[in-house]
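> Input target-v3.cif, format and content: mmCIF, C-alpha atoms.
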```
data_structure
loop_
_atom_site.group_PDB
_atom_site.id
_atom_site.type_symbol
_atom_site.label_atom_id
_atom_site.label_comp_id
_atom_site.auth_asym_id
_atom_site.auth_seq_id
_atom_site.Cartn_x
_atom_site.Cartn_y
_atom_site.Cartn_z
ATOM 1 C CA MET D 1 99.303 127.300 153.768
ATOM 2 C CA THR D 2 96.657 125.774 156.053
ATOM 3 C CA GLY D 3 92.991 125.629 155.060
ATOM 4 C CA GLU D 4 92.041 128.341 157.510
ATOM 5 C CA ARG D 5 94.745 130.708 156.256
ATOM 6 C CA LEU D 6 93.761 130.016 152.657
ATOM 7 C CA GLN D 7 90.156 130.825 153.497
ATOM 8 C CA LYS D 8 91.185 134.121 155.087
ATOM 9 C CA ALA D 9 93.559 135.067 152.272
ATOM 10 C CA PRO D 10 91.111 137.127 150.136
ATOM 11 C CA GLN D 11 90.031 139.135 153.182
ATOM 12 C CA GLN D 12 93.622 139.755 154.255
ATOM 13 C CA LEU D 13 94.552 140.713 150.694
ATOM 14 C CA ALA D 14 91.674 143.186 150.539
ATOM 15 C CA LEU D 15 92.749 144.691 153.867
ATOM 16 C CA GLY D 16 96.351 144.967 152.691
ATOM 17 C CA VAL D 17 95.408 146.648 149.408
ATOM 18 C CA GLY D 18 93.057 148.939 151.342
ATOM 19 C CA GLY D 19 95.859 149.980 153.679
ATOM 20 C CA ILE D 20 98.177 150.721 150.771
ATOM 21 C CA LEU D 21 95.516 152.798 149.005
ATOM 22 C CA VAL D 22 94.710 154.753 152.169
ATOM 23 C CA GLY D 23 98.410 155.509 152.715
ATOM 24 C CA ALA D 24 98.840 156.644 149.113
ATOM 25 C CA ALA D 25 95.702 158.786 149.231
ATOM 26 C CA LEU D 26 96.832 160.489 152.446
ATOM 27 C CA ALA D 27 100.315 161.163 151.081
ATOM 28 C CA MET D 28 98.979 162.642 147.856
ATOM 29 C CA ALA D 29 96.043 164.557 149.319
ATOM 30 C CA GLY D 30 96.163 168.305 148.855
ATOM 31 C CA ASP D 31 96.120 170.749 151.758
ATOM 32 C CA ALA D 32 94.633 168.187 154.134
ATOM 33 C CA GLY D 33 97.431 165.765 153.282
ATOM 34 C CA ARG D 34 100.116 168.355 153.919
ATOM 35 C CA MET D 35 98.729 168.941 157.399
ATOM 36 C CA LEU D 36 99.403 165.296 158.201
ATOM 37 C CA SER D 37 103.127 165.455 158.866
ATOM 38 C CA PRO D 38 105.191 162.321 159.546
ATOM 39 C CA THR D 39 105.373 163.366 163.216
ATOM 40 C CA ALA D 40 101.574 163.516 163.368
ATOM 41 C CA VAL D 41 101.495 160.017 161.849
ATOM 42 C CA LEU D 42 103.948 158.873 164.531
ATOM 43 C CA LEU D 43 101.614 160.142 167.243
ATOM 44 C CA LEU D 44 98.599 158.489 165.581
ATOM 45 C CA LEU D 45 100.599 155.261 165.488
ATOM 46 C CA ALA D 46 101.261 155.666 169.218
ATOM 47 C CA VAL D 47 97.517 155.999 169.852
ATOM 48 C CA MET D 48 96.808 152.918 167.726
ATOM 49 C CA THR D 49 99.515 150.974 169.563
ATOM 50 C CA GLY D 50 97.892 151.852 172.892
ATOM 51 C CA VAL D 51 94.506 150.708 171.627
ATOM 52 C CA ALA D 52 95.927 147.474 170.184
ATOM 53 C CA LYS D 53 97.728 146.711 173.439
ATOM 54 C CA SER D 54 94.323 146.426 175.090
ATOM 55 C CA GLY D 55 93.916 143.291 172.963
ATOM 56 C CA SER D 56 96.066 141.506 175.559
ATOM 57 C CA THR D 57 93.048 141.370 177.828
ATOM 58 C CA MET U 58 94.435 143.733 182.323
ATOM 59 C CA LEU U 59 90.679 143.622 181.925
ATOM 60 C CA GLY U 60 90.863 139.945 182.852
ATOM 61 C CA GLN U 61 92.680 140.893 186.080
ATOM 62 C CA PHE U 62 90.780 144.001 187.139
ATOM 63 C CA GLY U 63 87.356 143.134 185.697
ATOM 64 C CA PRO U 64 86.431 140.744 188.533
ATOM 65 C CA ILE U 65 87.612 143.342 191.069
ATOM 66 C CA ALA U 66 85.396 145.989 189.426
ATOM 67 C CA GLN U 67 82.480 143.574 189.565
ATOM 68 C CA ARG U 68 82.875 143.320 193.337
ATOM 69 C CA SER U 69 83.642 147.018 193.874
ATOM 70 C CA ALA U 70 83.323 149.540 191.045
ATOM 71 C CA GLY U 71 85.257 152.170 193.035
ATOM 72 C CA THR U 72 88.251 149.903 193.673
ATOM 73 C CA GLY U 73 88.241 148.723 190.057
ATOM 74 C CA LEU U 74 88.209 152.275 188.737
ATOM 75 C CA ARG U 75 90.932 153.443 191.151
ATOM 76 C CA ALA U 76 93.063 150.503 190.049
ATOM 77 C CA ALA U 77 92.478 151.364 186.376
ATOM 78 C CA VAL U 78 93.502 154.987 187.013
ATOM 79 C CA MET U 79 96.692 153.860 188.787
ATOM 80 C CA TYR U 80 97.424 151.444 185.942
ATOM 81 C CA THR U 81 97.042 154.360 183.514
ATOM 82 C CA VAL U 82 99.485 156.475 185.535
ATOM 83 C CA GLY U 83 101.989 153.598 185.595
ATOM 84 C CA MET U 84 101.610 152.885 181.880
ATOM 85 C CA ALA U 85 102.044 156.540 180.912
ATOM 86 C CA LEU U 86 105.092 156.933 183.182
ATOM 87 C CA GLY U 87 106.644 153.657 182.057
ATOM 88 C CA GLY U 88 105.952 154.237 178.376
ATOM 89 C CA GLY U 89 107.166 157.825 178.571
ATOM 90 C CA THR U 90 110.380 156.700 180.258
ATOM 91 C CA VAL U 91 111.076 154.151 177.518
ATOM 92 C CA GLY U 92 110.378 156.802 174.876
ATOM 93 C CA LEU U 93 112.688 159.280 176.585
ATOM 94 C CA LEU U 94 115.470 156.684 176.746
ATOM 95 C CA LEU U 95 115.012 155.583 173.138
ATOM 96 C CA GLY U 96 114.946 159.178 171.915
ATOM 97 C CA THR U 97 118.099 159.913 173.895
ATOM 98 C CA LEU U 98 119.757 156.803 172.465
ATOM 99 C CA GLY U 99 118.831 157.950 168.964
ATOM 100 C CA LEU U 100 120.127 161.448 169.676
ATOM 101 C CA GLY U 101 123.431 159.958 170.861
ATOM 102 C CA LEU U 102 123.720 157.781 167.762
ATOM 103 C CA ARG U 103 123.014 160.760 165.509
ATOM 104 C CA TRP U 104 125.757 162.739 167.264
ATOM 105 C CA LEU U 105 128.154 159.792 167.102
ATOM 106 C CA PHE U 106 127.641 159.137 163.388
ATOM 107 C CA ASP U 107 127.043 162.770 162.422
ATOM 108 C CA LEU U 108 123.579 162.070 161.000
ATOM 109 C CA GLY U 109 122.071 165.487 161.665
ATOM 110 C CA TYR U 110 119.174 166.276 163.975
ATOM 111 C CA GLN U 111 116.123 166.421 161.729
ATOM 112 C CA ALA U 112 113.473 164.075 163.168
ATOM 113 C CA GLU U 113 111.710 163.838 159.797
ATOM 114 C CA ALA U 114 114.874 163.207 157.776
ATOM 115 C CA ARG U 115 114.300 161.300 154.531
ATOM 116 C CA TRP U 116 116.369 158.289 155.658
ATOM 117 C CA VAL U 117 114.256 158.010 158.822
ATOM 118 C CA LEU U 118 111.035 158.034 156.812
ATOM 119 C CA LEU U 119 112.372 155.413 154.399
ATOM 120 C CA ALA U 120 113.619 153.129 157.180
ATOM 121 C CA VAL U 121 110.308 153.339 159.074
ATOM 122 C CA SER U 122 108.438 152.862 155.794
ATOM 123 C CA VAL U 123 110.220 149.523 155.233
ATOM 124 C CA LEU U 124 109.524 148.493 158.832
ATOM 125 C CA GLY U 125 105.879 149.487 158.435
ATOM 126 C CA PHE U 126 105.548 147.293 155.339
ATOM 127 C CA VAL U 127 107.178 144.314 157.022
ATOM 128 C CA GLY U 128 105.165 144.783 160.230
ATOM 129 C CA GLY U 129 101.928 145.263 158.292
ATOM 130 C CA LEU U 130 102.504 142.109 156.238
ATOM 131 C CA ARG U 131 103.264 140.206 159.449
ATOM 132 C CA ASP U 132 100.161 141.384 161.292
ATOM 133 C CA LEU U 133 98.014 140.532 158.253
ATOM 134 C CA GLU U 134 99.634 137.055 158.268
ATOM 135 C CA PHE U 135 101.285 137.291 154.845
ATOM 136 C CA ILE U 136 104.636 136.568 156.463
ATOM 137 C CA ARG U 137 105.405 134.893 159.770
ATOM 138 C CA PHE U 138 108.099 135.593 162.325
ATOM 139 C CA ALA U 139 108.197 135.976 166.089
ATOM 140 C CA LEU U 140 108.654 139.427 167.588
ATOM 141 C CA PRO U 141 111.267 139.920 170.303
ATOM 142 C CA GLN U 142 109.491 140.203 173.633
ATOM 143 C CA PRO U 143 110.255 139.652 177.304
ATOM 144 C CA ALA U 144 109.412 136.173 178.601
ATOM 145 C CA ARG U 145 107.830 137.651 181.715
ATOM 146 C CA GLN U 146 104.301 138.384 182.784
ATOM 147 C CA VAL U 147 103.173 140.721 185.538
ATOM 148 C CA PRO U 148 103.724 139.094 188.971
ATOM 149 C CA ARG U 149 100.297 137.918 190.129
ATOM 150 C CA HIS U 150 101.317 137.655 193.782
ATOM 151 C CA TYR U 151 101.496 141.481 193.937
ATOM 152 C CA LEU U 152 97.695 141.454 194.242
ATOM 153 C CA ALA U 153 97.853 139.616 197.565
ATOM 154 C CA VAL U 154 100.798 141.689 198.819
ATOM 155 C CA PHE U 155 99.952 145.242 197.731
ATOM 156 C CA GLY U 156 96.216 145.107 197.042
ATOM 157 C CA PRO U 157 94.616 145.959 193.683
ATOM 158 C CA VAL U 158 95.257 149.715 193.556
ATOM 159 C CA TRP U 159 99.034 149.707 194.171
ATOM 160 C CA THR U 160 99.426 146.508 192.187
ATOM 161 C CA ALA U 161 97.799 148.271 189.252
ATOM 162 C CA LEU U 162 100.426 151.027 189.445
ATOM 163 C CA PHE U 163 103.302 148.517 189.562
ATOM 164 C CA TRP U 164 101.840 146.428 186.771
ATOM 165 C CA GLY U 165 101.278 149.540 184.666
ATOM 166 C CA LEU U 166 104.879 150.585 185.228
ATOM 167 C CA GLY U 167 106.178 147.114 184.348
ATOM 168 C CA ILE U 168 104.131 146.932 181.169
ATOM 169 C CA GLY U 169 104.854 150.531 180.196
ATOM 170 C CA LEU U 170 108.569 149.864 180.615
ATOM 171 C CA ALA U 171 108.117 146.760 178.402
ATOM 172 C CA TYR U 172 109.662 144.753 181.223
ATOM 173 C CA SER U 173 106.792 142.379 181.845
ATOM 174 C CA THR U 174 104.417 142.134 178.933
ATOM 175 C CA MET U 175 103.636 140.333 175.709
ATOM 176 C CA ILE U 176 104.341 142.291 172.533
ATOM 177 C CA GLN U 177 102.007 140.658 170.046
ATOM 178 C CA PHE U 178 101.575 143.444 167.535
ATOM 179 C CA SER U 179 104.242 144.823 165.193
ATOM 180 C CA LEU U 180 102.966 148.316 165.954
ATOM 181 C CA TYR U 181 104.987 148.566 169.171
ATOM 182 C CA TRP U 182 108.297 147.743 167.503
ATOM 183 C CA VAL U 183 107.702 150.095 164.586
ATOM 184 C CA LEU U 184 106.872 152.843 167.075
ATOM 185 C CA ALA U 185 109.925 152.086 169.237
ATOM 186 C CA VAL U 186 112.321 152.054 166.287
ATOM 187 C CA TRP U 187 110.755 155.217 164.872
ATOM 188 C CA VAL U 188 111.244 157.258 168.065
ATOM 189 C CA THR U 189 114.808 155.949 168.279
ATOM 190 C CA LEU U 190 115.627 156.935 164.699
ATOM 191 C CA ALA U 191 113.884 160.295 165.113
ATOM 192 C CA GLY U 192 116.468 161.014 167.812
ATOM 193 C CA SER U 193 114.259 163.318 169.852
ATOM 194 C CA PRO U 194 113.903 162.549 173.571
ATOM 195 C CA VAL U 195 110.869 164.833 173.840
ATOM 196 C CA LEU U 196 109.134 163.213 170.880
ATOM 197 C CA GLY U 197 109.930 159.787 172.338
ATOM 198 C CA LEU U 198 108.533 160.805 175.725
ATOM 199 C CA VAL U 199 105.343 162.168 174.181
ATOM 200 C CA ALA U 200 104.803 159.284 171.739
ATOM 201 C CA LEU U 201 105.330 156.382 174.119
ATOM 202 C CA GLY U 202 103.702 158.292 176.979
ATOM 203 C CA LEU U 203 100.683 158.680 174.699
ATOM 204 C CA TYR U 204 100.770 154.938 173.987
ATOM 205 C CA GLY U 205 100.618 154.210 177.722
ATOM 206 C CA LEU U 206 97.993 156.848 178.365
ATOM 207 C CA VAL U 207 95.659 155.626 175.614
ATOM 208 C CA ASN U 208 96.034 152.018 176.735
ATOM 209 C CA GLY U 209 95.215 153.000 180.306
ATOM 210 C CA LEU U 210 92.276 155.203 179.331
ATOM 211 C CA LEU U 211 90.794 152.331 177.366
ATOM 212 C CA LEU U 212 91.095 150.131 180.460
ATOM 213 C CA ILE U 213 89.277 152.793 182.507
ATOM 214 C CA VAL U 214 86.452 152.827 179.941
ATOM 215 C CA ASP U 215 86.368 149.019 179.929
ATOM 216 C CA ILE U 216 86.315 148.845 183.717
ATOM 217 C CA ALA U 217 83.517 151.423 183.835
ATOM 218 C CA ALA U 218 81.564 149.258 181.377
ATOM 219 C CA VAL U 219 82.216 146.147 183.450
ATOM 220 C CA ALA U 220 81.088 147.963 186.589
ATOM 221 C CA ARG U 221 77.805 148.650 184.775
ATOM 222 C CA GLY U 222 77.352 144.927 184.136
ATOM 223 C CA ARG U 223 78.988 144.331 180.745
ATOM 224 C CA TRP U 224 81.421 141.689 181.937
ATOM 225 C CA GLU U 225 80.177 138.834 179.713
ATOM 226 C CA SER U 226 80.851 140.779 176.525
ATOM 227 C CA GLY U 227 84.350 141.740 177.678
ATOM 228 C CA GLY U 228 84.093 145.480 178.104
ATOM 229 C CA VAL U 229 83.537 148.004 175.331
ATOM 230 C CA LEU U 230 85.479 146.301 172.540
ATOM 231 C CA GLY U 231 84.735 142.725 173.551
ATOM 232 C CA TRP U 232 86.854 139.689 174.367
ATOM 233 C CA GLY U 233 87.582 138.892 170.740
ATOM 234 C CA ARG U 234 89.422 142.114 170.062
ATOM 235 C CA THR U 235 92.880 140.603 169.502
ATOM 236 C CA ALA U 236 92.075 139.230 166.035
ATOM 237 C CA LEU U 237 90.468 142.537 165.087
ATOM 238 C CA PHE U 238 93.529 144.503 166.192
ATOM 239 C CA PHE U 239 95.890 142.324 164.164
ATOM 240 C CA ASN U 240 93.916 143.294 161.058
ATOM 241 C CA VAL U 241 93.559 146.955 161.994
ATOM 242 C CA GLY U 242 97.228 147.167 163.004
ATOM 243 C CA GLY U 243 98.279 145.562 159.729
ATOM 244 C CA VAL U 244 96.220 148.010 157.672
ATOM 245 C CA VAL U 245 97.524 150.979 159.668
ATOM 246 C CA LEU U 246 101.139 149.862 159.258
ATOM 247 C CA LEU U 247 100.799 149.339 155.502
ATOM 248 C CA ALA U 248 99.112 152.741 155.146
ATOM 249 C CA CYS U 249 101.882 154.268 157.251
ATOM 250 C CA GLY U 250 104.562 152.547 155.140
ATOM 251 C CA VAL U 251 103.156 153.857 151.850
ATOM 252 C CA PHE U 252 102.569 157.329 153.298
ATOM 253 C CA LEU U 253 106.148 157.631 154.537
ATOM 254 C CA ALA U 254 107.652 156.143 151.376
ATOM 255 C CA LEU U 255 105.804 158.648 149.201
ATOM 256 C CA ARG U 256 106.623 161.543 151.509
ATOM 257 C CA ALA U 257 110.300 160.565 151.467
ATOM 258 C CA ALA U 258 110.458 159.893 147.729
ATOM 259 C CA LEU U 259 108.461 162.861 146.495
ATOM 260 C CA PRO U 260 108.974 165.672 149.015
ATOM 261 C CA VAL U 261 109.029 168.424 146.394
ATOM 262 C CA VAL U 262 105.943 167.339 144.465
ATOM 263 C CA LEU U 263 103.920 166.664 147.630
#
```
Spell out the structure here as structure tokens.


Amino acid sequence: MTGERLQKAPQQLALGVGGILVGAALAMAGDAGRMLSPTAVLLLLAVMTGVAKSGST
Amino acid sequence: MLGQFGPIAQRSAGTGLRAAVMYTVGMALGGGTVGLLLGTLGLGLRWLFDLGYQAEARWVLLAVSVLGFVGGLRDLEFIRFALPQPARQVPRHYLAVFGPVWTALFWGLGIGLAYSTMIQFSLYWVLAVWVTLAGSPVLGLVALGLYGLVNGLLLIVDIAAVARGRWESGGVLGWGRTALFFNVGGVVLLACGVFLALRAALPVVL
């Protein structure tokens, strides 16, 4: 692991754990969670993919 | 695209905005076409292997969950591997031949069809595999059409910002957005992976 990657590791780890916790919270949420169907998640992913694609400026 | 159309918008805001709108049309059409084809491919595979026609089948959620984890770990740089992508970029000489507005449409189509573009983020592949496994041409059309539409709309907003004199900062989200999107994409994919895994594993409880 390079020095730069090692330096970024805690931040990346925090982001990864955050993502996992958000996913778990959404899946186990009550009525609000049930409204978020896998198809709705697919469409949100499509939106995010479109936004991320703008990174190739 | 901002790097291509930004200077044009600086010279003429109207031309820049028209080009961005045409790019959006091309991206939405191209993306939607890919989604339609992938969904149709998935539908054919489901028919061939008798896998049923439920888009949210448990095996689909589990497969996409695994992909989401892998993609998320890749975008957050925990693991490293190259994504398959075409070794082509949009043809720059189109600008001289067709002018900025029609070139924008052709470029949008090429990128939307994933024919001439870089695919840096795992998000695109997870999305593409998901619409294939879901086996719904309509869902594929809507999802990848939405991808193209959102990307184009963001370019329109960026071009409008550039036309108002925000060129140095690189539009609304700035020039340095790639690093940010790797992190955001990684978080989103991990969240998506956990969400789908739990939904697939505990459908009765949840």

> Considering all atoms listed in the file, extract the chain U residues located within 7 Å of chain D and return them as number ranges by chain.

U: 58-60, 113, 133, 180-181, 184, 200-201, 203-205, 207-208, 234-235, 238, 244-245, 247-249, 251-253, 255-256, 263

> Would you list the contacts of segment 62-69 of chain U as a ChimeraX atom specification, taking every protein, DNA or RNA residue within 7 Å and counting all atoms listed in the file, but skipping same-chain residues closer than 5 positions in sequence?

/U:74,216,219-220

> Find the residues around segment 103-110 of chain U up to 12 Å (all atoms listed in the file counted), leave out those fewer than 4 positions away in its own chain, and share them as an MDAnalysis selection string.

chainID U and resid 96:99 114:117 189:194

> Write to file, as a short mmCIF file (atom, residue, chain, number, x, y, z; two decimals), keeping the file's coordinate frame, the residues of the selection just made, with C-alpha atoms.


```cif
data_model
loop_
_atom_site.label_atom_id
_atom_site.label_comp_id
_atom_site.auth_asym_id
_atom_site.auth_seq_id
_atom_site.Cartn_x
_atom_site.Cartn_y
_atom_site.Cartn_z
CA GLY U 96 114.95 159.18 171.92
CA THR U 97 118.10 159.91 173.90
CA LEU U 98 119.76 156.80 172.46
CA GLY U 99 118.83 157.95 168.96
CA ALA U 114 114.87 163.21 157.78
CA ARG U 115 114.30 161.30 154.53
CA TRP U 116 116.37 158.29 155.66
CA VAL U 117 114.26 158.01 158.82
CA THR U 189 114.81 155.95 168.28
CA LEU U 190 115.63 156.94 164.70
CA ALA U 191 113.88 160.29 165.11
CA GLY U 192 116.47 161.01 167.81
CA SER U 193 114.26 163.32 169.85
CA PRO U 194 113.90 162.55 173.57
#
```

> How many Å lie between atom CA of Pro141 of chain U and atom CA of Met79 of chain U, rounded to one decimal?

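The value is 27.4 Å.
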
> Let me have the centre and edge lengths in Å, one decimal, of the box along x, y and z around every listed atom of segment 146-153 of chain U with 3 Å of margin on each side, as JSON.


```
{"center_x": 101.0, "center_y": 139.6, "center_z": 190.2, "size_x": 12.6, "size_y": 9.8, "size_z": 20.8}
```

> Tell me, as a list in words, which residues lie within 6 Å of Gly250 of chain U, counting only C-alpha atoms; anything in the same chain fewer than 5 positions away does not count.

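Contacts, in chain order: Ser122, Gly125 and Phe126 of chain U.
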
> Could you list, as a PDB file with C-alpha atoms, keeping the file's coordinate frame, every residue within 8 Å of segment 147-157 of chain U, counting all atoms listed in the file and ignoring same-chain residues fewer than 6 positions away?


```
ATOM      1  CA  PHE U  62      90.780 144.001 187.139  1.00  0.00           C
ATOM      2  CA  ILE U  65      87.612 143.342 191.069  1.00  0.00           C
ATOM      3  CA  THR U  72      88.251 149.903 193.673  1.00  0.00           C
ATOM      4  CA  GLY U  73      88.241 148.723 190.057  1.00  0.00           C
ATOM      5  CA  ALA U  76      93.063 150.503 190.049  1.00  0.00           C
ATOM      6  CA  TRP U 164     101.840 146.428 186.771  1.00  0.00           C
ATOM      7  CA  GLY U 167     106.178 147.114 184.348  1.00  0.00           C
ATOM      8  CA  ILE U 168     104.131 146.932 181.169  1.00  0.00           C
ATOM      9  CA  SER U 173     106.792 142.379 181.845  1.00  0.00           C
ATOM     10  CA  THR U 174     104.417 142.134 178.933  1.00  0.00           C
TER      11      THR U 174
END
```

> Between atom CA of Leu130 of chain U and atom CA of Leu100 of chain U, measure the distance and give it in Å to one decimal.

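Distance between the two atoms: 29.4 Å.
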
> Using all atoms listed in the file, give me every residue within 8 Å of (100.9, 158.4, 180.6) in file coordinates, as a PyMOL selection string.

chain U and resi 81-89+202-207+209

> State, in Å with one decimal place, the distance from atom CA of Asn240 of chain U to atom CA of Gly3 of chain D.

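Rounded to one decimal, the two atoms are 18.7 Å apart.
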
> Have a look at U:Leu196, U:Gly243, U:Gly222, U:Val186 and name the one nearest to Gly129 of chain U; count all atoms listed in the file.

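For Gly129 of chain U, the nearest of the candidates is U:Gly243.
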
> Limit the output to C-alpha atoms and give segment 5-44 of chain D as an mmCIF file, in the first residue's frame.


```cif
data_model
loop_
_atom_site.group_PDB
_atom_site.id
_atom_site.type_symbol
_atom_site.label_atom_id
_atom_site.label_comp_id
_atom_site.auth_asym_id
_atom_site.auth_seq_id
_atom_site.Cartn_x
_atom_site.Cartn_y
_atom_site.Cartn_z
ATOM 1 C CA ARG D 5 -3.395 5.200 0.093
ATOM 2 C CA LEU D 6 -2.413 4.465 3.684
ATOM 3 C CA GLN D 7 -3.138 8.065 4.610
ATOM 4 C CA LYS D 8 -6.576 7.869 2.999
ATOM 5 C CA ALA D 9 -7.413 4.488 4.523
ATOM 6 C CA PRO D 10 -9.220 5.725 7.686
ATOM 7 C CA GLN D 11 -11.394 8.063 5.616
ATOM 8 C CA GLN D 12 -12.227 5.336 3.105
ATOM 9 C CA LEU D 13 -12.968 2.911 5.939
ATOM 10 C CA ALA D 14 -15.310 5.422 7.562
ATOM 11 C CA LEU D 15 -17.086 5.959 4.237
ATOM 12 C CA GLY D 16 -17.419 2.212 3.699
ATOM 13 C CA VAL D 17 -18.827 1.589 7.180
ATOM 14 C CA GLY D 18 -21.154 4.564 6.692
ATOM 15 C CA GLY D 19 -22.467 3.111 3.441
ATOM 16 C CA ILE D 20 -23.090 -0.262 5.057
ATOM 17 C CA LEU D 21 -24.932 1.331 7.986
ATOM 18 C CA VAL D 22 -27.073 3.476 5.683
ATOM 19 C CA GLY D 23 -28.008 0.417 3.605
ATOM 20 C CA ALA D 24 -28.903 -1.579 6.715
ATOM 21 C CA ALA D 25 -30.924 1.286 8.183
ATOM 22 C CA LEU D 26 -32.892 1.722 4.951
ATOM 23 C CA ALA D 27 -33.603 -2.001 4.666
ATOM 24 C CA MET D 28 -34.798 -2.248 8.255
ATOM 25 C CA ALA D 29 -36.696 1.039 8.417
ATOM 26 C CA GLY D 30 -40.404 0.735 9.078
ATOM 27 C CA ASP D 31 -43.043 2.083 6.707
ATOM 28 C CA ALA D 32 -40.598 4.470 5.047
ATOM 29 C CA GLY D 33 -38.233 1.579 4.362
ATOM 30 C CA ARG D 34 -40.964 -0.527 2.804
ATOM 31 C CA MET D 35 -41.739 2.274 0.370
ATOM 32 C CA LEU D 36 -38.189 2.020 -0.939
ATOM 33 C CA SER D 37 -38.540 -1.010 -3.182
ATOM 34 C CA PRO D 38 -35.544 -2.561 -4.962
ATOM 35 C CA THR D 39 -36.850 -1.075 -8.230
ATOM 36 C CA ALA D 40 -36.863 2.390 -6.656
ATOM 37 C CA VAL D 41 -33.266 1.768 -5.549
ATOM 38 C CA LEU D 42 -32.409 0.775 -9.127
ATOM 39 C CA LEU D 43 -33.775 4.080 -10.398
ATOM 40 C CA LEU D 44 -31.892 6.025 -7.704
#
```
